[in-house]
Structure formats: C-alpha cells, structure tokens
Amino acid sequence: MTTLYHTDTTPPAPLPKFIRLSNGRIRTDPATFTADEIADSGLIETPSKPDYDPTTQRCVWDGAGWIVEGIPTPEPRYTPLDSAALIQLLETAGGMTPEQVVASNDDPSLKYFWLLLQVTPYTSRDNLKLPAALTGLEVAGYLPNGAQAVLDAWPTS
C-alpha cells in the first residue's frame, strides 16, 4: 500500500514529484527523499485508514485524522400515481373495498379529496394535502388499515 502524506491544509496523497525544503532547495526525485527531508518540507505521514465496512460506512479525512461514519441512506424517490393506481393502493394497502371507494366518493366530507383526484393527473406522496386526505378516509371508516399503511406501501422508483 502506498504511504500517504498530508499537511495542515492538504488531504492525504502520495508523495509529490517534488518537495521544497525549508532552506528553499527543491528535491525532485521522490525515490531519494529522506524521512528528514519529507518532514522538513512540511509533509506528515498519514496514519493508515482504520478498518471499516465499505458497504455501510465510509472513511473520510477530517483534516487531522480518519473518521469512520455511516453512509447516509438516500431518501426514497416515490412514484407519482395516477388516480387508478392510487385507488388500487387504497384497496391493497389501505384495505378499502370497491364499495368503500364508491361510498367515500359520495361522502360530502371527502368531496374535495375526490375532486383533487379528478383534476390532477398524478398524486405525489409528497403532496402536502395527501396525509390529511388519507386521515379523512381513515377517520370516516373507509380506510381499515389506516393512512400510514398507504404511505408505507407507496411505490418507489
């Protein structure tokens, strides 16, 4: 493994092709650099990276040493659903029956929800009105498995 070097302001890297000594001289053959010359040029030998699991962690240089941190889980990208796909999700994940879908469409307290489905080609899980609409279906007794079941089962891309 290649030895890495850093300074107070640079990240770890292999030895450069040349170094400037404190007396101003420049050395240009890394194979002949002595430990004293390397130190005199301001380079510091970087410690080896610690052991870590690259599938769940990453090892980063913080300017003074290596830090092992967890790899952040990417935010899911939810698929926008057309009205038919949303109704299918309400049935499969939410437990609605076709009769409950029809009855909720006739419920005056839910007319706004169904109107939005008619005028909007796609419903996004990130739509700020969606949780309230699903909660309205749940509270009215049309969504047996609950609003959260629908949100949890929302497909991702």
# chains A, B, ... in the order shown; residues from 1 in each chain; ligands from 1
>>> residues_around(residues="stretch 135-149 of chain A", least_positions_apart="3", cutoff="8 Å", atoms="only C-alpha atoms", output="PyMOL selection string")
chain A and resi 90+93-96+100-101+104+110+131-132+152-153
>>> residues_around(residues="A:Pro47", least_positions_apart="2", cutoff="10 Å", atoms="only C-alpha atoms", output="list in words")
Thr3, Leu4, Tyr5, His6, Pro12, Ile44, Glu45, Lys49, Pro50, Gly65 and Trp66 of chain A
>>> select_by_dssp(residues="chain A", states="strand (DSSP E)", output="compact mmCIF listing (two decimals) with C-alpha atoms, in the first residue's frame")
# COMPACT_ATOMS: atom_id res chain seq x y z
CA TYR A 5 1.27 12.26 3.37
CA HIS A 6 -0.65 15.39 4.31
CA ILE A 19 9.28 18.91 -2.41
CA ARG A 20 10.56 22.29 -1.25
CA ILE A 26 13.78 21.74 -4.28
CA ARG A 27 14.14 17.97 -4.40
CA ILE A 44 3.33 14.49 7.63
CA GLU A 45 2.94 10.75 7.19
CA GLN A 57 -19.56 3.03 6.19
CA ARG A 58 -17.15 5.48 4.62
CA CYS A 59 -13.78 6.62 5.84
CA VAL A 60 -13.08 10.33 5.44
CA TRP A 61 -10.20 12.62 6.31
CA TRP A 66 -9.53 9.47 9.63
CA ILE A 67 -13.16 9.30 10.70
CA VAL A 68 -15.42 6.33 10.03
CA GLU A 69 -19.04 7.33 9.55
CA GLY A 70 -22.17 5.62 8.36
>>> closest_residue(among="A:Ser157, A:Thr97, A:Thr79, A:Ser109", to="A:Arg125", atoms="only C-alpha atoms")
A:Thr79
>>> select_by_dssp(residues="stretch 3-156 of chain A", states="alpha helix (DSSP H)", output="number ranges by chain")
A: 35-40, 83-92, 98-106, 111-119, 130-139, 147-152
>>> atom_distance(atom1="atom CA of A:Leu116", atom2="atom CA of A:Glu75")
26.3 Å
>>> closest_residue(among="A:Pro30, A:Pro72, A:Gly42, A:Pro54", to="A:Leu15", atoms="only C-alpha atoms")
A:Pro30
>>> decode(residues="stretch 43-67 of chain A", atoms="N, CA and C atoms", output="mmCIF file, in the first residue's frame")
data_model
loop_
_atom_site.group_PDB
_atom_site.id
_atom_site.type_symbol
_atom_site.label_atom_id
_atom_site.label_comp_id
_atom_site.auth_asym_id
_atom_site.auth_seq_id
_atom_site.Cartn_x
_atom_site.Cartn_y
_atom_site.Cartn_z
ATOM 1 N N LEU A 43 5.522 17.894 5.077
ATOM 2 C CA LEU A 43 4.645 16.743 4.892
ATOM 3 C C LEU A 43 4.661 15.864 6.136
ATOM 4 N N ILE A 44 3.496 15.345 6.462
ATOM 5 C CA ILE A 44 3.333 14.486 7.631
ATOM 6 C C ILE A 44 2.816 13.141 7.140
ATOM 7 N N GLU A 45 3.430 12.063 7.597
ATOM 8 C CA GLU A 45 2.942 10.746 7.191
ATOM 9 C C GLU A 45 1.552 10.535 7.780
ATOM 10 N N THR A 46 0.644 10.159 6.911
ATOM 11 C CA THR A 46 -0.750 9.943 7.305
ATOM 12 C C THR A 46 -0.897 8.539 7.865
ATOM 13 N N PRO A 47 -1.580 8.398 8.992
ATOM 14 C CA PRO A 47 -1.807 7.042 9.514
ATOM 15 C C PRO A 47 -2.665 6.233 8.538
ATOM 16 N N SER A 48 -2.555 4.934 8.622
ATOM 17 C CA SER A 48 -3.366 4.054 7.777
ATOM 18 C C SER A 48 -4.837 4.237 8.119
ATOM 19 N N LYS A 49 -5.668 4.006 7.114
ATOM 20 C CA LYS A 49 -7.109 4.071 7.360
ATOM 21 C C LYS A 49 -7.490 2.959 8.326
ATOM 22 N N PRO A 50 -8.421 3.230 9.226
ATOM 23 C CA PRO A 50 -8.905 2.170 10.130
ATOM 24 C C PRO A 50 -9.771 1.177 9.350
ATOM 25 N N ASP A 51 -9.998 0.034 9.940
ATOM 26 C CA ASP A 51 -10.887 -0.943 9.329
ATOM 27 C C ASP A 51 -12.321 -0.399 9.364
ATOM 28 N N TYR A 52 -13.045 -0.630 8.284
ATOM 29 C CA TYR A 52 -14.451 -0.238 8.226
ATOM 30 C C TYR A 52 -15.148 -1.071 7.166
ATOM 31 N N ASP A 53 -16.455 -1.083 7.221
ATOM 32 C CA ASP A 53 -17.261 -1.851 6.280
ATOM 33 C C ASP A 53 -17.710 -0.919 5.155
ATOM 34 N N PRO A 54 -17.104 -1.018 3.955
ATOM 35 C CA PRO A 54 -17.432 -0.075 2.884
ATOM 36 C C PRO A 54 -18.867 -0.195 2.364
ATOM 37 N N THR A 55 -19.562 -1.257 2.738
ATOM 38 C CA THR A 55 -20.955 -1.356 2.301
ATOM 39 C C THR A 55 -21.882 -0.496 3.149
ATOM 40 N N THR A 56 -21.479 -0.196 4.382
ATOM 41 C CA THR A 56 -22.343 0.594 5.264
ATOM 42 C C THR A 56 -21.645 1.831 5.834
ATOM 43 N N GLN A 57 -20.324 1.926 5.610
ATOM 44 C CA GLN A 57 -19.559 3.033 6.194
ATOM 45 C C GLN A 57 -18.642 3.643 5.139
ATOM 46 N N ARG A 58 -18.182 4.854 5.436
ATOM 47 C CA ARG A 58 -17.147 5.477 4.623
ATOM 48 C C ARG A 58 -16.103 6.044 5.567
ATOM 49 N N CYS A 59 -14.900 6.113 5.060
ATOM 50 C CA CYS A 59 -13.781 6.623 5.844
ATOM 51 C C CYS A 59 -13.345 7.940 5.204
ATOM 52 N N VAL A 60 -13.402 9.007 5.968
ATOM 53 C CA VAL A 60 -13.077 10.330 5.441
ATOM 54 C C VAL A 60 -12.003 11.002 6.289
ATOM 55 N N TRP A 61 -11.232 11.842 5.651
ATOM 56 C CA TRP A 61 -10.196 12.624 6.314
ATOM 57 C C TRP A 61 -10.815 13.924 6.788
ATOM 58 N N ASP A 62 -10.675 14.251 8.064
ATOM 59 C CA ASP A 62 -11.285 15.476 8.590
ATOM 60 C C ASP A 62 -10.283 16.615 8.763
ATOM 61 N N GLY A 63 -9.085 16.437 8.225
ATOM 62 C CA GLY A 63 -8.056 17.465 8.343
ATOM 63 C C GLY A 63 -7.019 17.117 9.395
ATOM 64 N N ALA A 64 -7.380 16.210 10.300
ATOM 65 C CA ALA A 64 -6.442 15.812 11.350
ATOM 66 C C ALA A 64 -6.339 14.303 11.500
ATOM 67 N N GLY A 65 -7.316 13.580 10.995
ATOM 68 C CA GLY A 65 -7.308 12.129 11.123
ATOM 69 C C GLY A 65 -8.467 11.516 10.358
ATOM 70 N N TRP A 66 -8.461 10.194 10.307
ATOM 71 C CA TRP A 66 -9.531 9.468 9.627
ATOM 72 C C TRP A 66 -10.740 9.339 10.540
ATOM 73 N N ILE A 67 -11.904 9.479 9.972
ATOM 74 C CA ILE A 67 -13.159 9.298 10.696
ATOM 75 C C ILE A 67 -13.995 8.292 9.924
#
